[in-house]
file work21.cif (mmCIF, C-alpha atoms and all ligand atoms)
data_input
#
loop_
_atom_site.label_atom_id
_atom_site.label_comp_id
_atom_site.auth_asym_id
_atom_site.auth_seq_id
_atom_site.Cartn_x
_atom_site.Cartn_y
_atom_site.Cartn_z
CA MET A 1 0.00 0.00 0.00
CA THR A 2 1.28 3.42 -0.90
CA ARG A 3 1.10 6.06 1.70
CA ASN A 4 2.24 9.63 1.73
CA SER A 5 5.27 10.04 3.88
CA SER A 6 6.31 13.42 5.17
CA ILE A 7 8.49 14.76 7.87
CA PHE A 8 7.07 17.26 10.28
CA PRO A 9 8.40 18.81 13.40
CA PHE A 10 6.43 18.37 16.54
CA SER A 11 7.06 21.04 19.08
CA LEU A 12 4.00 20.82 21.18
CA LEU A 13 1.99 22.63 23.79
CA LEU A 14 -0.17 22.19 26.78
CA ALA A 15 -0.36 19.81 29.67
CA LEU A 16 -3.06 17.47 30.73
CA ILE A 17 -3.81 15.67 33.87
CA LEU A 18 -6.58 13.14 33.83
CA VAL A 19 -8.89 12.60 36.71
CA GLY A 20 -9.82 8.99 36.44
CA CYS A 21 -13.41 8.71 37.50
CA ASN A 22 -16.60 7.91 35.71
CA GLY A 23 -16.32 9.37 32.23
CA ILE A 24 -12.90 10.91 32.54
CA ARG A 25 -13.06 14.66 32.95
CA PRO A 26 -10.38 17.20 32.26
CA SER A 27 -8.30 18.89 34.83
CA LEU A 28 -5.67 20.97 33.16
CA SER A 29 -3.00 20.91 35.82
CA SER A 30 -3.61 21.66 39.44
CA THR A 31 -3.36 25.39 39.01
CA ALA A 32 -5.63 25.59 36.08
CA THR A 33 -4.89 27.91 33.17
CA PRO A 34 -3.63 26.62 29.83
CA ALA A 35 -0.67 28.98 30.03
CA GLN A 36 0.35 27.52 33.34
CA SER A 37 -0.24 24.06 31.95
CA LYS A 38 2.18 24.78 29.18
CA SER A 39 4.93 25.61 31.59
CA SER A 40 4.16 22.55 33.68
CA GLY A 41 5.13 20.63 30.56
CA GLU A 42 3.26 17.38 30.72
CA THR A 43 3.90 15.07 27.79
CA ILE A 44 1.16 12.75 26.54
CA VAL A 45 2.08 9.92 24.19
CA SER A 46 -0.58 8.10 22.16
CA LEU A 47 0.30 4.89 20.34
CA THR A 48 -1.87 4.33 17.28
CA PHE A 49 -1.93 1.28 15.02
CA ASP A 50 -3.63 1.53 11.64
CA ASP A 51 -5.33 -1.10 9.50
CA GLY A 52 -5.84 -4.01 11.92
CA ASP A 53 -2.87 -5.92 10.55
CA ALA A 54 -2.67 -9.47 11.91
CA ASP A 55 0.81 -8.90 13.32
CA ASN A 56 -0.54 -6.11 15.55
CA PHE A 57 -1.96 -8.76 17.81
CA ASP A 58 1.57 -10.01 18.51
CA ILE A 59 2.31 -6.95 20.61
CA GLU A 60 -0.79 -7.31 22.79
CA PRO A 61 1.16 -9.23 25.47
CA LEU A 62 3.91 -6.60 25.36
CA LEU A 63 1.49 -3.72 25.89
CA LYS A 64 -0.31 -5.63 28.61
CA ALA A 65 2.86 -6.62 30.45
CA ASN A 66 3.93 -2.98 30.49
CA GLY A 67 0.56 -1.59 31.48
CA LEU A 68 0.12 0.51 28.33
CA ASN A 69 -2.87 0.94 26.06
CA ALA A 70 -2.99 1.87 22.39
CA THR A 71 -5.59 2.93 19.85
CA PHE A 72 -6.19 0.47 17.00
CA TYR A 73 -7.89 1.96 13.93
CA ILE A 74 -9.74 -0.91 12.28
CA PRO A 75 -11.27 -1.07 8.79
CA SER A 76 -14.10 -3.34 9.90
CA GLY A 77 -14.78 -4.80 6.46
CA LEU A 78 -11.32 -6.36 6.52
CA VAL A 79 -11.54 -7.97 9.97
CA GLY A 80 -10.87 -11.68 9.72
CA THR A 81 -9.62 -11.51 6.13
CA GLN A 82 -6.13 -12.66 5.26
CA GLY A 83 -3.48 -10.59 6.98
CA HIS A 84 -5.89 -8.90 9.36
CA MET A 85 -6.89 -9.46 12.96
CA ARG A 86 -10.06 -11.38 13.81
CA TRP A 87 -12.98 -10.14 15.90
CA ASP A 88 -12.01 -12.36 18.84
CA GLN A 89 -8.54 -10.80 18.84
CA LEU A 90 -10.00 -7.29 18.82
CA GLN A 91 -12.12 -8.35 21.76
CA ILE A 92 -8.99 -9.29 23.70
CA LEU A 93 -7.36 -5.97 22.83
CA GLN A 94 -10.38 -4.10 24.09
CA ALA A 95 -10.68 -6.22 27.23
CA ASP A 96 -7.10 -5.22 28.05
CA GLY A 97 -8.06 -1.56 27.87
CA ASN A 98 -6.99 -0.76 24.32
CA GLU A 99 -9.19 1.41 22.14
CA ILE A 100 -10.83 0.19 18.94
CA GLY A 101 -11.44 3.01 16.47
CA GLY A 102 -12.76 3.25 12.90
CA HIS A 103 -10.78 3.48 9.66
CA THR A 104 -13.53 3.10 7.00
CA LEU A 105 -15.17 -0.12 5.97
CA ASN A 106 -12.75 -1.03 3.21
CA HIS A 107 -9.73 1.15 3.86
CA ILE A 108 -10.34 3.60 1.04
CA LYS A 109 -9.32 7.18 0.52
CA VAL A 110 -12.24 9.38 1.56
CA GLU A 111 -11.11 12.62 -0.02
CA GLY A 112 -13.37 13.43 -2.97
CA LEU A 113 -15.95 10.73 -2.26
CA ASP A 114 -19.63 11.50 -2.80
CA LEU A 115 -21.88 11.74 0.24
CA GLU A 116 -23.43 8.31 -0.17
CA SER A 117 -20.07 6.59 -0.39
CA LEU A 118 -18.77 8.61 2.53
CA ARG A 119 -21.73 7.59 4.64
CA HIS A 120 -21.28 3.96 3.67
CA GLU A 121 -17.55 3.89 4.34
CA ILE A 122 -17.57 5.90 7.56
CA CYS A 123 -21.00 5.43 9.18
CA ASP A 124 -21.52 1.81 8.15
CA ASP A 125 -18.03 1.00 9.38
CA ARG A 126 -18.86 2.54 12.74
CA GLN A 127 -22.17 0.70 12.90
CA ASN A 128 -20.40 -2.53 12.06
CA LEU A 129 -18.01 -1.99 14.96
CA ILE A 130 -20.94 -1.14 17.23
CA ALA A 131 -22.75 -4.32 16.14
CA HIS A 132 -19.68 -6.24 17.30
CA GLY A 133 -19.80 -4.69 20.74
CA TYR A 134 -17.50 -1.67 20.44
CA ILE A 135 -18.23 1.98 21.03
CA PRO A 136 -15.84 3.60 18.58
CA VAL A 137 -15.25 7.30 19.18
CA SER A 138 -11.97 7.76 17.32
CA PHE A 139 -11.45 7.64 13.56
CA ALA A 140 -8.38 7.84 11.32
CA TYR A 141 -8.44 8.86 7.65
CA PRO A 142 -6.93 6.12 5.46
CA PHE A 143 -3.69 7.48 3.97
CA GLY A 144 -4.35 10.67 5.93
CA ASN A 145 -6.37 12.14 3.04
CA TYR A 146 -9.59 14.02 3.77
CA ASP A 147 -11.66 17.01 2.78
CA GLN A 148 -14.28 19.11 4.48
CA GLN A 149 -17.11 16.79 3.45
CA ALA A 150 -15.33 13.79 4.90
CA GLN A 151 -14.64 15.66 8.13
CA GLN A 152 -18.31 16.56 8.41
CA MET A 153 -19.34 12.96 7.79
CA VAL A 154 -16.97 11.67 10.47
CA ARG A 155 -18.66 14.02 12.91
CA GLU A 156 -22.17 13.09 11.75
CA CYS A 157 -21.41 9.39 12.04
CA GLY A 158 -20.76 9.93 15.74
CA TYR A 159 -16.99 10.09 16.09
CA SER A 160 -15.39 12.58 18.42
CA SER A 161 -12.07 12.82 16.60
CA ALA A 162 -10.24 11.97 13.39
CA ARG A 163 -6.50 11.54 13.02
CA THR A 164 -4.51 12.65 10.01
CA VAL A 165 -0.86 11.83 9.34
CA ARG A 166 0.59 15.29 9.73
CA GLY A 167 1.68 17.03 12.84
CA PRO A 168 1.86 18.39 15.29
CA ALA A 169 -0.84 17.28 17.69
CA LEU A 170 -1.99 19.90 20.14
CA ILE A 171 -3.88 19.71 23.43
CA PRO A 172 -6.61 20.79 23.29
CA PRO A 173 -6.78 20.08 19.54
CA PRO A 174 -7.80 23.15 17.50
CA ASP A 175 -9.76 20.79 15.25
CA PRO A 176 -10.49 17.34 16.72
CA TYR A 177 -11.37 16.13 13.20
CA ALA A 178 -7.87 16.86 11.95
CA LEU A 179 -5.60 15.55 14.70
CA GLY A 180 -1.95 15.90 13.86
CA ALA A 181 0.55 13.09 14.28
CA THR A 182 4.23 12.42 13.80
CA PRO A 183 5.53 11.03 10.53
CA TYR A 184 4.83 7.38 9.86
CA ILE A 185 7.00 4.93 11.69
CA VAL A 186 8.72 2.88 9.00
CA ASN A 187 10.93 -0.17 8.80
CA ASP A 188 14.17 1.68 9.49
CA THR A 189 12.80 3.69 12.43
CA THR A 190 15.04 2.89 15.37
CA PHE A 191 14.39 2.74 19.09
CA GLY A 192 16.67 5.76 19.40
CA LYS A 193 14.53 7.77 17.01
CA LEU A 194 11.31 6.89 18.86
CA ARG A 195 12.98 7.84 22.13
CA ARG A 196 14.06 11.14 20.59
CA TYR A 197 10.49 11.92 19.50
CA VAL A 198 9.46 11.65 23.14
CA ALA A 199 12.50 13.50 24.47
CA GLU A 200 12.07 16.37 22.02
CA THR A 201 8.41 16.74 22.93
CA ARG A 202 9.35 16.95 26.61
CA LYS A 203 12.14 19.38 25.87
CA SER A 204 9.82 21.65 23.91
CA GLY A 205 7.67 22.11 26.99
CA GLY A 206 5.48 19.04 26.73
CA GLY A 207 2.49 18.35 24.55
CA TRP A 208 0.83 15.51 22.70
CA LEU A 209 2.86 13.06 20.66
CA ILE A 210 0.75 10.79 18.46
CA LEU A 211 2.77 7.95 16.93
CA ILE A 212 1.47 6.04 13.90
CA PHE A 213 2.34 2.38 13.51
CA HIS A 214 1.25 -0.12 10.87
CA HIS A 215 2.80 -3.59 10.70
CA VAL A 216 4.89 -4.93 13.56
CA CYS A 217 7.38 -7.30 11.95
CA ASP A 218 10.96 -7.61 10.82
CA GLY A 219 10.85 -5.86 7.50
CA CYS A 220 7.66 -7.41 6.06
CA ASP A 221 6.57 -4.01 4.79
CA PHE A 222 7.97 -0.50 4.42
CA PHE A 223 5.25 0.67 6.82
CA SER A 224 6.35 -1.48 9.70
CA VAL A 225 8.21 -1.27 12.94
CA LYS A 226 10.66 -3.96 13.93
CA THR A 227 9.63 -6.28 16.73
CA ASP A 228 12.92 -5.67 18.46
CA VAL A 229 12.36 -1.91 18.37
CA MET A 230 8.98 -2.35 20.06
CA ASN A 231 10.51 -4.75 22.58
CA GLN A 232 12.76 -1.88 23.64
CA PHE A 233 10.41 1.05 23.15
CA ILE A 234 7.33 -0.19 25.00
CA PRO A 235 9.11 -1.05 28.29
CA TRP A 236 11.04 2.22 28.03
CA LEU A 237 7.78 4.17 27.61
CA SER A 238 6.32 2.35 30.57
CA GLU A 239 9.36 3.26 32.63
CA GLN A 240 9.09 6.90 31.55
CA GLN A 241 5.49 6.86 32.68
CA SER A 242 6.45 5.34 36.04
CA LEU A 243 8.98 8.11 36.49
CA GLY A 244 6.24 10.67 35.89
CA HIS A 245 7.88 12.01 32.73
CA ILE A 246 5.02 11.15 30.38
CA LYS A 247 1.54 9.69 30.26
CA VAL A 248 0.57 7.11 27.68
CA LEU A 249 -3.11 7.49 26.80
CA THR A 250 -5.43 6.38 24.02
CA ILE A 251 -6.75 8.99 21.61
CA GLY A 252 -10.27 8.57 22.99
CA ASP A 253 -9.09 9.22 26.54
CA VAL A 254 -7.28 12.40 25.57
CA ILE A 255 -10.20 13.71 23.53
CA SER A 256 -12.80 12.96 26.19
CA ALA A 257 -10.62 14.68 28.77
CA THR A 258 -10.23 17.82 26.66
CA SER A 259 -13.78 18.12 25.34
CA PRO A 260 -15.88 20.90 26.80
ZN ZN B 301 -4.71 2.76 7.01
#
call {"tool": "encode", "arguments": {"input": "work21.cif", "output": "structure tokens", "more": "lines below"}}
Ligand SMILES: [Zn+2]
result
Amino acid sequence: MTRNSSIFPFSLLLALILVGCNGIRPSLSSTATPAQSKSSGETIVSLTFDDGDADNFDIEPLLKANGLNATFYIPSGLVGTQGHMRWDQLQILQADGNEIGGHTLNHIKVEGLDLESLRHEICDDRQNLIAHGYIPVSFAYPFGNYDQQAQQMVRECGYSSARTVRGPALIPPPDPYALGATPYIVNDTTFGKLRRYVAETRKSGGGWLILIFHHVCDGCDFFSVKTDVMNQFIPWLSEQQSLGHIKVLTIGDVISATSP
């Protein structure tokens, strides 16, 4: 699959502290104003996996063992087909606290689609996920392409956010239906580079770092991250979280905490 690949800087902004009770509510730092939050410099990292690739399920034990949750954007029409995760695997991901989001029914580019096709690809995908027991609130545009009509449809279909592939991400997001993200993680992305993404976000005063993963394998695809890299990165992230340097949150958790 061809995807646009671009490099974007990600100097990011504000801080976020979640209060974990019934329907997580926002609490932007103990002393309240966004400006103060910025200086308090909290760094939020969101791990996102696109396409529901079968090898994504291989990292479920790794995430679980390290107490981290990710957002998996699933094209529901492809679930259970060759090379993709099955519904029972998605159920396990969700049971472990991971988020299942939408990514169109058939993984097609939504930019330029007519309204009927948009509704089918975006709303019917969401309804399909709902029929399987999920409550998807987060969406990602396949290939990162979208237009105003697609954005509007994502909102009408009931999603609270949509991720693109261009950064940076900001908290609160100026447009939740055009969430920024870092460049794609690809097969030569090293542990050191991932670590630098996090370090640079912290150094710039904190903010929201959204990482985009596809396959998890040893070079099976250009859009992949090596298993060994994840075996280093995930425990390191968990350690950074334990040290209070970062928080690792799903997209849905961040959005629900920053929504008015
Ligand atoms: Zn995709």
call {"tool": "residues_near_ligand", "arguments": {"input": "work21.cif", "ligand": "ligand ZN 301 (chain B)", "cutoff": "12 Å", "atoms": "only C-alpha atoms and all ligand atoms", "output": "ChimeraX atom specification"}}
result
/A:1-4,48-53,72-76,78,84,101-110,139-145,163-165,184,212-215,223
call {"tool": "atom_distance", "arguments": {"input": "work21.cif", "atom1": "CA of Thr258 (chain A)", "atom2": "CA of Leu170 (chain A)"}}
result
10.7 Å
call {"tool": "residues_around", "arguments": {"input": "work21.cif", "residues": "region 153-157 of chain A", "least_positions_apart": "3", "cutoff": "9 Å", "atoms": "all atoms listed in the file", "output": "PyMOL selection string"}}
result
chain A and resi 115+118-119+122-124+126-127+139+148-150+160-162+177
call {"tool": "residues_around", "arguments": {"input": "work21.cif", "residues": "Gln89 (chain A)", "least_positions_apart": "6", "cutoff": "12 Å", "atoms": "all atoms listed in the file", "output": "list in words"}}
result
Gly52, Asp53, Ala54, Asp55, Asn56, Phe57, Asp58, Ile59, Glu60, Pro61, Phe72, Ile74, Val79, Gly80, Ala95, Asp96, Asn98 and Ile100 of chain A
call {"tool": "residues_around", "arguments": {"input": "work21.cif", "residues": "Ser238 (chain A)", "least_positions_apart": "6", "cutoff": "10 Å", "atoms": "all atoms listed in the file", "output": "list of chain:residue names"}}
result
A:Leu63, A:Ala65, A:Asn66, A:Gly67, A:Leu68, A:Gly244, A:Ile246, A:Lys247, A:Val248
call {"tool": "atom_distance", "arguments": {"input": "work21.cif", "atom1": "CA of Ser46 (chain A)", "atom2": "CA of Leu113 (chain A)"}}
result
29.0 Å
call {"tool": "closest_residue", "arguments": {"input": "work21.cif", "among": "A:Cys220, A:Ile255, A:Leu249, A:Ala131", "to": "Ala70 (chain A)", "atoms": "all atoms listed in the file"}}
result
A:Leu249
call {"tool": "closest_residue", "arguments": {"input": "work21.cif", "among": "A:Met230, A:Trp87, A:Thr43, A:Ile251", "to": "Thr71 (chain A)", "atoms": "all atoms listed in the file"}}
result
A:Ile251
call {"tool": "closest_residue", "arguments": {"input": "work21.cif", "among": "A:Pro174, A:Glu111, A:Ala169, A:Ala199", "to": "Tyr146 (chain A)", "atoms": "all atoms listed in the file"}}
result
A:Glu111
call {"tool": "residues_around", "arguments": {"input": "work21.cif", "residues": "Thr189 (chain A)", "least_positions_apart": "3", "cutoff": "10 Å", "atoms": "all atoms listed in the file", "output": "list in words"}}
result
Tyr184, Ile185, Val186, Gly192, Lys193, Leu194, Phe223, Ser224, Val225, Lys226 and Val229 of chain A
call {"tool": "atom_distance", "arguments": {"input": "work21.cif", "atom1": "CA of Tyr197 (chain A)", "atom2": "CA of Glu99 (chain A)"}}
result
22.5 Å
